[in-house]
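Chemist: File name run25.pdb; file contents PDB, C-alpha atoms; full text below.
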```
ATOM      1  CA  MET A   6     131.605 113.618  89.656  1.00  0.00           C
ATOM      2  CA  ALA A   7     129.494 113.429  86.505  1.00  0.00           C
ATOM      3  CA  VAL A   8     130.119 109.670  86.248  1.00  0.00           C
ATOM      4  CA  TYR A   9     129.122 109.190  89.919  1.00  0.00           C
ATOM      5  CA  GLU A  10     125.871 111.122  89.445  1.00  0.00           C
ATOM      6  CA  LYS A  11     125.107 109.205  86.261  1.00  0.00           C
ATOM      7  CA  GLY A  12     125.459 105.994  88.259  1.00  0.00           C
ATOM      8  CA  ASN A  13     123.056 107.343  90.872  1.00  0.00           C
ATOM      9  CA  GLU A  14     120.560 108.308  88.179  1.00  0.00           C
ATOM     10  CA  THR A  15     120.698 104.753  86.851  1.00  0.00           C
ATOM     11  CA  LYS A  16     120.125 103.424  90.371  1.00  0.00           C
ATOM     12  CA  ARG A  17     117.144 105.726  90.858  1.00  0.00           C
ATOM     13  CA  ARG A  18     115.658 104.636  87.544  1.00  0.00           C
ATOM     14  CA  LEU A  19     116.038 100.940  88.373  1.00  0.00           C
ATOM     15  CA  ILE A  20     114.615 101.368  91.868  1.00  0.00           C
ATOM     16  CA  MET A  21     111.586 103.199  90.476  1.00  0.00           C
ATOM     17  CA  SER A  22     111.183 100.500  87.852  1.00  0.00           C
ATOM     18  CA  MET A  23     111.205  97.881  90.606  1.00  0.00           C
ATOM     19  CA  TYR A  24     108.722  99.916  92.665  1.00  0.00           C
ATOM     20  CA  ASN A  25     106.337 100.112  89.701  1.00  0.00           C
ATOM     21  CA  LYS A  26     106.597  96.353  89.171  1.00  0.00           C
ATOM     22  CA  LEU A  27     105.919  95.691  92.849  1.00  0.00           C
ATOM     23  CA  LYS A  28     102.718  97.721  92.575  1.00  0.00           C
ATOM     24  CA  VAL A  29     101.277  95.048  90.293  1.00  0.00           C
ATOM     25  CA  GLN A  30     103.369  91.922  90.991  1.00  0.00           C
ATOM     26  CA  ASP A  31     104.497  89.856  93.935  1.00  0.00           C
ATOM     27  CA  ALA A  32     108.238  90.058  94.568  1.00  0.00           C
ATOM     28  CA  SER A  33     108.596  86.309  93.960  1.00  0.00           C
ATOM     29  CA  GLU A  34     107.427  86.751  90.345  1.00  0.00           C
ATOM     30  CA  ILE A  35     110.089  89.308  89.336  1.00  0.00           C
ATOM     31  CA  THR A  36     113.209  88.166  87.486  1.00  0.00           C
ATOM     32  CA  VAL A  37     116.499  89.881  86.671  1.00  0.00           C
ATOM     33  CA  ARG A  38     116.075  89.138  82.981  1.00  0.00           C
ATOM     34  CA  GLU A  39     112.611  90.699  82.860  1.00  0.00           C
ATOM     35  CA  LEU A  40     113.691  93.842  84.730  1.00  0.00           C
ATOM     36  CA  ALA A  41     116.834  94.262  82.623  1.00  0.00           C
ATOM     37  CA  LYS A  42     114.852  93.924  79.394  1.00  0.00           C
ATOM     38  CA  GLU A  43     112.343  96.572  80.474  1.00  0.00           C
ATOM     39  CA  ASN A  44     115.213  98.974  81.238  1.00  0.00           C
ATOM     40  CA  ASN A  45     117.174  98.251  78.044  1.00  0.00           C
ATOM     41  CA  CYS A  46     120.187  96.866  79.853  1.00  0.00           C
ATOM     42  CA  SER A  47     121.789  93.492  80.448  1.00  0.00           C
ATOM     43  CA  PRO A  48     121.444  91.485  83.679  1.00  0.00           C
ATOM     44  CA  ALA A  49     125.185  92.027  84.185  1.00  0.00           C
ATOM     45  CA  ALA A  50     124.677  95.804  84.047  1.00  0.00           C
ATOM     46  CA  LEU A  51     122.006  95.566  86.727  1.00  0.00           C
ATOM     47  CA  TYR A  52     124.373  93.638  88.997  1.00  0.00           C
ATOM     48  CA  ARG A  53     126.990  96.365  88.595  1.00  0.00           C
ATOM     49  CA  HIS A  54     124.667  98.688  90.514  1.00  0.00           C
ATOM     50  CA  PHE A  55     123.094  96.271  93.022  1.00  0.00           C
ATOM     51  CA  GLU A  56     124.545  93.270  94.818  1.00  0.00           C
ATOM     52  CA  SER A  57     121.499  91.094  94.142  1.00  0.00           C
ATOM     53  CA  LEU A  58     117.968  91.118  92.801  1.00  0.00           C
ATOM     54  CA  GLU A  59     116.734  90.660  96.378  1.00  0.00           C
ATOM     55  CA  TYR A  60     118.530  93.838  97.470  1.00  0.00           C
ATOM     56  CA  LEU A  61     116.932  95.777  94.603  1.00  0.00           C
ATOM     57  CA  ILE A  62     113.525  94.370  95.599  1.00  0.00           C
ATOM     58  CA  ILE A  63     114.114  95.687  99.127  1.00  0.00           C
ATOM     59  CA  LEU A  64     114.998  99.144  97.770  1.00  0.00           C
ATOM     60  CA  GLY A  65     111.837  99.132  95.657  1.00  0.00           C
ATOM     61  CA  SER A  66     109.805  97.934  98.649  1.00  0.00           C
ATOM     62  CA  ILE A  67     111.125 100.764 100.822  1.00  0.00           C
ATOM     63  CA  ARG A  68     109.246 103.268  98.697  1.00  0.00           C
ATOM     64  CA  PHE A  69     105.985 101.845 100.074  1.00  0.00           C
ATOM     65  CA  PHE A  70     107.387 102.349 103.577  1.00  0.00           C
ATOM     66  CA  THR A  71     108.658 105.903 103.037  1.00  0.00           C
ATOM     67  CA  ASP A  72     105.223 107.179 102.012  1.00  0.00           C
ATOM     68  CA  TYR A  73     104.085 106.068 105.449  1.00  0.00           C
ATOM     69  CA  MET A  74     107.065 107.674 107.194  1.00  0.00           C
ATOM     70  CA  ALA A  75     106.567 111.014 105.424  1.00  0.00           C
ATOM     71  CA  GLU A  76     102.942 111.044 106.569  1.00  0.00           C
ATOM     72  CA  TYR A  77     104.018 109.988 110.057  1.00  0.00           C
ATOM     73  CA  GLY A  78     106.364 113.001 110.183  1.00  0.00           C
ATOM     74  CA  GLN A  79     103.368 115.256 109.587  1.00  0.00           C
ATOM     75  CA  LEU A  80     101.456 113.413 112.302  1.00  0.00           C
ATOM     76  CA  MET A  81     104.318 113.995 114.759  1.00  0.00           C
ATOM     77  CA  ASP A  82     104.039 117.742 114.155  1.00  0.00           C
ATOM     78  CA  SER A  83     100.277 117.810 114.837  1.00  0.00           C
ATOM     79  CA  ASN A  84     100.703 118.306 118.615  1.00  0.00           C
ATOM     80  CA  ASN A  85      98.513 115.351 119.534  1.00  0.00           C
ATOM     81  CA  ASN A  86      98.459 113.920 123.036  1.00  0.00           C
ATOM     82  CA  LEU A  87     101.347 111.403 123.073  1.00  0.00           C
ATOM     83  CA  MET A  88      99.116 108.359 123.530  1.00  0.00           C
ATOM     84  CA  GLU A  89      96.715 109.603 120.852  1.00  0.00           C
ATOM     85  CA  LEU A  90      99.736 110.083 118.598  1.00  0.00           C
ATOM     86  CA  TYR A  91     100.813 106.513 119.349  1.00  0.00           C
ATOM     87  CA  ILE A  92      97.376 105.144 118.453  1.00  0.00           C
ATOM     88  CA  LYS A  93      97.130 107.233 115.283  1.00  0.00           C
ATOM     89  CA  GLY A  94     100.658 106.134 114.367  1.00  0.00           C
ATOM     90  CA  TRP A  95      99.628 102.476 114.447  1.00  0.00           C
ATOM     91  CA  LYS A  96      96.487 103.284 112.489  1.00  0.00           C
ATOM     92  CA  LEU A  97      98.619 104.964 109.833  1.00  0.00           C
ATOM     93  CA  PHE A  98     101.061 102.044 109.750  1.00  0.00           C
ATOM     94  CA  ASN A  99      98.196  99.595 109.284  1.00  0.00           C
ATOM     95  CA  LYS A 100      96.696 101.670 106.471  1.00  0.00           C
ATOM     96  CA  TYR A 101      99.862 101.113 104.454  1.00  0.00           C
ATOM     97  CA  ALA A 102     100.771  97.659 105.774  1.00  0.00           C
ATOM     98  CA  PHE A 103      97.429  96.084 104.893  1.00  0.00           C
ATOM     99  CA  GLU A 104      97.683  97.506 101.381  1.00  0.00           C
ATOM    100  CA  ARG A 105     100.813  95.393 100.896  1.00  0.00           C
ATOM    101  CA  PRO A 106     101.149  92.925 103.779  1.00  0.00           C
ATOM    102  CA  ASP A 107     103.617  90.834 101.786  1.00  0.00           C
ATOM    103  CA  LEU A 108     106.130  93.707 101.553  1.00  0.00           C
ATOM    104  CA  TYR A 109     105.654  95.088 105.055  1.00  0.00           C
ATOM    105  CA  TYR A 110     105.922  91.641 106.613  1.00  0.00           C
ATOM    106  CA  ARG A 111     109.110  90.865 104.709  1.00  0.00           C
ATOM    107  CA  LEU A 112     110.687  94.215 105.640  1.00  0.00           C
ATOM    108  CA  PHE A 113     109.933  94.095 109.357  1.00  0.00           C
ATOM    109  CA  TRP A 114     109.719  90.414 110.239  1.00  0.00           C
ATOM    110  CA  GLY A 115     110.620  88.290 107.243  1.00  0.00           C
ATOM    111  CA  GLN A 116     113.329  87.537 104.750  1.00  0.00           C
ATOM    112  CA  TYR A 117     114.274  91.181 103.992  1.00  0.00           C
ATOM    113  CA  HIS A 118     114.670  92.265 107.608  1.00  0.00           C
ATOM    114  CA  GLU A 119     118.442  91.739 107.935  1.00  0.00           C
ATOM    115  CA  MET A 120     119.202  93.907 104.887  1.00  0.00           C
ATOM    116  CA  PHE A 121     116.544  96.524 105.611  1.00  0.00           C
ATOM    117  CA  SER A 122     118.755  98.965 107.544  1.00  0.00           C
ATOM    118  CA  ASP A 123     121.564  99.062 104.946  1.00  0.00           C
ATOM    119  CA  ALA A 124     119.070  99.379 102.105  1.00  0.00           C
ATOM    120  CA  LEU A 125     117.224 102.174 103.899  1.00  0.00           C
ATOM    121  CA  ASP A 126     120.461 104.114 104.312  1.00  0.00           C
ATOM    122  CA  GLU A 127     121.252 103.808 100.600  1.00  0.00           C
ATOM    123  CA  TYR A 128     117.680 104.625  99.623  1.00  0.00           C
ATOM    124  CA  PHE A 129     117.725 107.929 101.516  1.00  0.00           C
ATOM    125  CA  GLU A 130     120.993 108.940  99.887  1.00  0.00           C
ATOM    126  CA  LEU A 131     119.209 108.599  96.549  1.00  0.00           C
ATOM    127  CA  PHE A 132     115.711 109.770  97.573  1.00  0.00           C
ATOM    128  CA  PRO A 133     115.840 112.172 100.550  1.00  0.00           C
ATOM    129  CA  VAL A 134     112.558 112.366 102.470  1.00  0.00           C
ATOM    130  CA  THR A 135     111.275 115.270 104.521  1.00  0.00           C
ATOM    131  CA  GLY A 136     109.878 114.120 107.840  1.00  0.00           C
ATOM    132  CA  SER A 137     109.020 115.972 111.023  1.00  0.00           C
ATOM    133  CA  GLU A 138     109.937 119.656 111.038  1.00  0.00           C
ATOM    134  CA  LEU A 139     109.490 120.009 114.811  1.00  0.00           C
ATOM    135  CA  TYR A 140     111.255 116.802 115.885  1.00  0.00           C
ATOM    136  CA  PRO A 141     113.726 115.924 113.103  1.00  0.00           C
ATOM    137  CA  ALA A 142     116.263 114.097 115.320  1.00  0.00           C
ATOM    138  CA  TYR A 143     113.570 111.946 116.886  1.00  0.00           C
ATOM    139  CA  PHE A 144     111.981 111.281 113.491  1.00  0.00           C
ATOM    140  CA  TYR A 145     115.225 110.007 111.963  1.00  0.00           C
ATOM    141  CA  THR A 146     116.001 107.947 115.054  1.00  0.00           C
ATOM    142  CA  LEU A 147     112.691 106.154 114.555  1.00  0.00           C
ATOM    143  CA  LEU A 148     113.220 105.885 110.829  1.00  0.00           C
ATOM    144  CA  PHE A 149     116.554 104.098 111.132  1.00  0.00           C
ATOM    145  CA  THR A 150     115.497 101.820 113.990  1.00  0.00           C
ATOM    146  CA  ASP A 151     114.790  98.708 111.940  1.00  0.00           C
ATOM    147  CA  ASP A 152     113.573  96.572 114.857  1.00  0.00           C
ATOM    148  CA  ILE A 153     109.876  97.430 114.960  1.00  0.00           C
ATOM    149  CA  ARG A 154     109.517  96.358 118.587  1.00  0.00           C
ATOM    150  CA  GLU A 155     112.382  98.644 119.610  1.00  0.00           C
ATOM    151  CA  ARG A 156     110.908 101.471 117.509  1.00  0.00           C
ATOM    152  CA  ASP A 157     107.557 101.013 119.235  1.00  0.00           C
ATOM    153  CA  PHE A 158     109.247 101.137 122.629  1.00  0.00           C
ATOM    154  CA  LEU A 159     110.968 104.426 121.696  1.00  0.00           C
ATOM    155  CA  MET A 160     107.580 105.925 120.882  1.00  0.00           C
ATOM    156  CA  LEU A 161     106.112 104.758 124.186  1.00  0.00           C
ATOM    157  CA  ARG A 162     109.098 105.996 126.179  1.00  0.00           C
ATOM    158  CA  ARG A 163     108.006 109.557 125.473  1.00  0.00           C
ATOM    159  CA  ALA A 164     104.676 108.817 127.188  1.00  0.00           C
ATOM    160  CA  VAL A 165     106.581 107.228 130.098  1.00  0.00           C
ATOM    161  CA  ASN A 166     108.560 110.452 130.497  1.00  0.00           C
ATOM    162  CA  TYR A 167     105.266 112.320 130.948  1.00  0.00           C
ATOM    163  CA  ASN A 168     103.978 109.740 133.462  1.00  0.00           C
ATOM    164  CA  MET A 169     101.246 108.586 131.111  1.00  0.00           C
ATOM    165  CA  LEU A 170     102.249 104.938 131.576  1.00  0.00           C
ATOM    166  CA  SER A 171     104.967 102.933 133.314  1.00  0.00           C
ATOM    167  CA  ASP A 172     108.164 101.377 131.973  1.00  0.00           C
ATOM    168  CA  ASP A 173     106.570  97.957 132.395  1.00  0.00           C
ATOM    169  CA  ASP A 174     103.544  99.076 130.395  1.00  0.00           C
ATOM    170  CA  ALA A 175     105.788 100.418 127.630  1.00  0.00           C
ATOM    171  CA  ALA A 176     107.682  97.113 127.479  1.00  0.00           C
ATOM    172  CA  TYR A 177     104.416  95.150 127.456  1.00  0.00           C
ATOM    173  CA  PHE A 178     102.772  97.205 124.700  1.00  0.00           C
ATOM    174  CA  SER A 179     105.864  97.327 122.498  1.00  0.00           C
ATOM    175  CA  LYS A 180     105.869  93.522 122.547  1.00  0.00           C
ATOM    176  CA  SER A 181     102.142  92.754 122.447  1.00  0.00           C
ATOM    177  CA  ASN A 182     101.111  95.389 119.900  1.00  0.00           C
ATOM    178  CA  THR A 183     103.809  94.438 117.419  1.00  0.00           C
ATOM    179  CA  LEU A 184     102.786  90.779 117.800  1.00  0.00           C
ATOM    180  CA  ILE A 185      99.150  91.704 117.139  1.00  0.00           C
ATOM    181  CA  VAL A 186     100.078  93.468 113.900  1.00  0.00           C
ATOM    182  CA  LYS A 187     102.473  90.694 112.845  1.00  0.00           C
ATOM    183  CA  GLY A 188      99.833  88.030 113.420  1.00  0.00           C
ATOM    184  CA  MET A 189      97.097  89.953 111.621  1.00  0.00           C
ATOM    185  CA  LEU A 190      99.323  90.598 108.607  1.00  0.00           C
ATOM    186  CA  GLU A 191     100.110  86.882 108.455  1.00  0.00           C
ATOM    187  CA  MET A 192      96.393  86.072 108.649  1.00  0.00           C
ATOM    188  CA  TYR A 193      95.443  88.416 105.800  1.00  0.00           C
ATOM    189  CA  MET A 194      98.413  87.719 103.534  1.00  0.00           C
ATOM    190  CA  GLY A 195      97.210  86.882 100.038  1.00  0.00           C
ATOM    191  CA  ARG A 196      93.616  88.017 100.643  1.00  0.00           C
ATOM    192  CA  ASP A 197      91.879  90.475  98.327  1.00  0.00           C
ATOM    193  CA  LEU A 198      91.846  94.189  99.131  1.00  0.00           C
ATOM    194  CA  GLU A 199      88.340  94.211 100.613  1.00  0.00           C
ATOM    195  CA  ASP A 200      89.306  91.457 103.059  1.00  0.00           C
ATOM    196  CA  ARG A 201      92.566  93.227 103.910  1.00  0.00           C
ATOM    197  CA  ARG A 202      90.682  96.432 104.722  1.00  0.00           C
ATOM    198  CA  GLN A 203      88.492  94.431 107.061  1.00  0.00           C
ATOM    199  CA  GLY A 204      91.648  92.988 108.595  1.00  0.00           C
ATOM    200  CA  GLU A 205      93.061  96.494 109.016  1.00  0.00           C
ATOM    201  CA  GLN A 206      90.004  97.596 111.002  1.00  0.00           C
ATOM    202  CA  GLU A 207      90.058  94.433 113.085  1.00  0.00           C
ATOM    203  CA  CYS A 208      93.739  94.962 113.840  1.00  0.00           C
ATOM    204  CA  ASN A 209      93.107  98.564 114.877  1.00  0.00           C
ATOM    205  CA  GLN A 210      90.361  97.459 117.247  1.00  0.00           C
ATOM    206  CA  LEU A 211      92.583  94.807 118.826  1.00  0.00           C
ATOM    207  CA  LEU A 212      95.312  97.381 119.428  1.00  0.00           C
ATOM    208  CA  LEU A 213      92.841  99.788 120.995  1.00  0.00           C
ATOM    209  CA  LYS A 214      91.382  97.054 123.197  1.00  0.00           C
ATOM    210  CA  ASN A 215      94.879  96.109 124.322  1.00  0.00           C
ATOM    211  CA  LEU A 216      95.700  99.707 125.254  1.00  0.00           C
ATOM    212  CA  GLU A 217      92.574  99.989 127.417  1.00  0.00           C
ATOM    213  CA  LYS A 218      94.659  98.284 130.098  1.00  0.00           C
ATOM    214  CA  VAL A 219      96.075 101.743 130.887  1.00  0.00           C
ATOM    215  CA  TYR A 220      94.588 104.226 128.412  1.00  0.00           C
ATOM    216  CA  VAL A 221      91.196 104.812 126.786  1.00  0.00           C
ATOM    217  CA  SER A 222      91.409 106.745 123.530  1.00  0.00           C
ATOM    218  CA  SER A 223      89.146 109.732 122.963  1.00  0.00           C
ATOM    219  CA  GLU A 224      88.597 108.270 119.486  1.00  0.00           C
ATOM    220  CA  ARG A 225      86.757 105.075 120.294  1.00  0.00           C
ATOM    221  CA  GLU A 226      86.428 104.179 116.650  1.00  0.00           C
ATOM    222  CA  LEU A 227      89.742 103.744 114.890  1.00  0.00           C
TER     223      LEU A 227
END
```
Produce structure tokens that represent the structure in this file.
Modeler:
Amino acid sequence: MAVYEKGNETKRRLIMSMYNKLKVQDASEITVRELAKENNCSPAALYRHFESLEYLIILGSIRFFTDYMAEYGQLMDSNNNLMELYIKGWKLFNKYAFERPDLYYRLFWGQYHEMFSDALDEYFELFPVTGSELYPAYFYTLLFTDDIRERDFLMLRRAVNYNMLSDDDAAYFSKSNTLIVKGMLEMYMGRDLEDRRQGEQECNQLLLKNLEKVYVSSEREL
């Protein structure tokens, strides 16, 4: 048992080391040799804990995502109107996504997507996160739905159940809104932070304009 926990502590330390590197470097710039040297271990020792450098990068990237999910859990418990909650949820996602569009794009649409679910499961074994207190089952269902379009549809289905929009509307928005965010992240990839913040606001406005097909938010300015 002590050996198993020691292994987990080493994993946690390496994941946090990767997270700290990702805060200041692009994932493509990080090497096994560099990371091993900074953690006083050999590259072979690192591979004993993780199947690949890419997998460790995904685990480090997930920490950027879990900050968003923890805040989203609090938002779920705020008793907002379901459509207002949906809009605020996208606003919150964009706040984090436009900080690091490279990581969010890779996790949800790009090269890390196929390994995201397995990595997320392992991450939460090592770093449990508290989400919604009022809707824990729903929160974790969303959390472990790695297809962002499907996750968006699950959010909208709650509004469908309350006759706030139709099934067709939910299907349309889950497709169109995720494509809006995907396209805007692609457009602002590699830009400086000031430009990305502008892109975040533009993306929010496009989402709100799209939703006006069936719903006008009480918060006109996102």
Chemist: Which residue is closest to Asp107 (chain A)? Choose from A:Leu87, A:Ala49, A:Ala32, A:Leu212 and count all atoms listed in the file.
Modeler: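 Of the candidates, the smallest distance to Asp107 (chain A) is held by A:Ala32.
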Chemist: Can you spell out as a PDB file with C-alpha atoms, keeping the file's coordinate frame the set of residues that the PyMOL selection byres ((chain A and resi 138-154) around 10) selects in the structure I just provided?
Modeler:
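Just written: expr-v8.pdb:
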```pdb
ATOM      1  CA  PHE A  70     107.387 102.349 103.577  1.00  0.00           C
ATOM      2  CA  THR A  71     108.658 105.903 103.037  1.00  0.00           C
ATOM      3  CA  MET A  74     107.065 107.674 107.194  1.00  0.00           C
ATOM      4  CA  ALA A  75     106.567 111.014 105.424  1.00  0.00           C
ATOM      5  CA  TYR A  77     104.018 109.988 110.057  1.00  0.00           C
ATOM      6  CA  GLY A  78     106.364 113.001 110.183  1.00  0.00           C
ATOM      7  CA  GLN A  79     103.368 115.256 109.587  1.00  0.00           C
ATOM      8  CA  MET A  81     104.318 113.995 114.759  1.00  0.00           C
ATOM      9  CA  ASP A  82     104.039 117.742 114.155  1.00  0.00           C
ATOM     10  CA  SER A  83     100.277 117.810 114.837  1.00  0.00           C
ATOM     11  CA  ASN A  84     100.703 118.306 118.615  1.00  0.00           C
ATOM     12  CA  LEU A 112     110.687  94.215 105.640  1.00  0.00           C
ATOM     13  CA  PHE A 113     109.933  94.095 109.357  1.00  0.00           C
ATOM     14  CA  TRP A 114     109.719  90.414 110.239  1.00  0.00           C
ATOM     15  CA  HIS A 118     114.670  92.265 107.608  1.00  0.00           C
ATOM     16  CA  GLU A 119     118.442  91.739 107.935  1.00  0.00           C
ATOM     17  CA  MET A 120     119.202  93.907 104.887  1.00  0.00           C
ATOM     18  CA  PHE A 121     116.544  96.524 105.611  1.00  0.00           C
ATOM     19  CA  SER A 122     118.755  98.965 107.544  1.00  0.00           C
ATOM     20  CA  ASP A 123     121.564  99.062 104.946  1.00  0.00           C
ATOM     21  CA  LEU A 125     117.224 102.174 103.899  1.00  0.00           C
ATOM     22  CA  ASP A 126     120.461 104.114 104.312  1.00  0.00           C
ATOM     23  CA  THR A 135     111.275 115.270 104.521  1.00  0.00           C
ATOM     24  CA  GLY A 136     109.878 114.120 107.840  1.00  0.00           C
ATOM     25  CA  SER A 137     109.020 115.972 111.023  1.00  0.00           C
ATOM     26  CA  GLU A 155     112.382  98.644 119.610  1.00  0.00           C
ATOM     27  CA  ARG A 156     110.908 101.471 117.509  1.00  0.00           C
ATOM     28  CA  ASP A 157     107.557 101.013 119.235  1.00  0.00           C
ATOM     29  CA  PHE A 158     109.247 101.137 122.629  1.00  0.00           C
ATOM     30  CA  LEU A 159     110.968 104.426 121.696  1.00  0.00           C
ATOM     31  CA  MET A 160     107.580 105.925 120.882  1.00  0.00           C
ATOM     32  CA  ALA A 176     107.682  97.113 127.479  1.00  0.00           C
ATOM     33  CA  PHE A 178     102.772  97.205 124.700  1.00  0.00           C
ATOM     34  CA  SER A 179     105.864  97.327 122.498  1.00  0.00           C
ATOM     35  CA  LYS A 180     105.869  93.522 122.547  1.00  0.00           C
ATOM     36  CA  SER A 181     102.142  92.754 122.447  1.00  0.00           C
ATOM     37  CA  ASN A 182     101.111  95.389 119.900  1.00  0.00           C
ATOM     38  CA  THR A 183     103.809  94.438 117.419  1.00  0.00           C
ATOM     39  CA  LEU A 184     102.786  90.779 117.800  1.00  0.00           C
TER      40      LEU A 184
END
```
Chemist: Got a sec to resolve the PyMOL selection byres ((chain A and resi 201-208) around 8) on this structure and send the residues as a VMD selection string?
Modeler: chain A and resid 99 to 100 103 to 104 185 to 186 189 193 196 to 200 209 to 212 227
Chemist: Could you tell me how far CA of Val29 (chain A) sits from CA of Arg53 (chain A), in Å to one decimal place?
Modeler: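 It comes out at 25.8 Å.
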Chemist: Between CA of Tyr73 (chain A) and CA of Lys96 (chain A), what distance in Å does the model show, to one decimal?
Modeler: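 Computing the Euclidean distance for CA of Tyr73 (chain A) and CA of Lys96 (chain A) yields 10.7 Å.
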Chemist: Which of these, A:Tyr128, A:Tyr167, A:Tyr117, A:Tyr91, has the shortest distance to Glu59 (chain A) once you count only C-alpha atoms?
Modeler: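 Counting only C-alpha atoms, the residue closest to Glu59 (chain A) is A:Tyr117.
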Chemist: Please list as a PDB file with C-alpha atoms, in the coordinates of the input every residue within 8 Å of Ser66 (chain A), counting all atoms listed in the file and excluding residues in the same chain fewer than 5 positions away.
Modeler:
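Saved as out-v6.pdb:
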```pdb
ATOM      1  CA  TYR A  24     108.722  99.916  92.665  1.00  0.00           C
ATOM      2  CA  LEU A  27     105.919  95.691  92.849  1.00  0.00           C
ATOM      3  CA  LEU A 108     106.130  93.707 101.553  1.00  0.00           C
ATOM      4  CA  LEU A 112     110.687  94.215 105.640  1.00  0.00           C
TER       5      LEU A 112
END
```
Chemist: Expand the PyMOL selection byres ((chain A and resi 64) around 8) into the explicit residue set it covers here, and present it as number ranges by chain.
Modeler: A: 20, 60-63, 65-68, 124-125, 128
Chemist: One decimal, Å: what's the distance from CA of Arg105 (chain A) over to CA of Tyr52 (chain A), could you say?
Modeler: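 Between CA of Arg105 (chain A) and CA of Tyr52 (chain A) the gap is 26.5 Å.
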Chemist: Find the residues near Lys218 (chain A): any atom within 10 Å, counting all atoms listed in the file, skip ones fewer than 4 places away on the same chain, and give them as a PyMOL selection string.
Modeler: chain A and resi 174+178+213-214
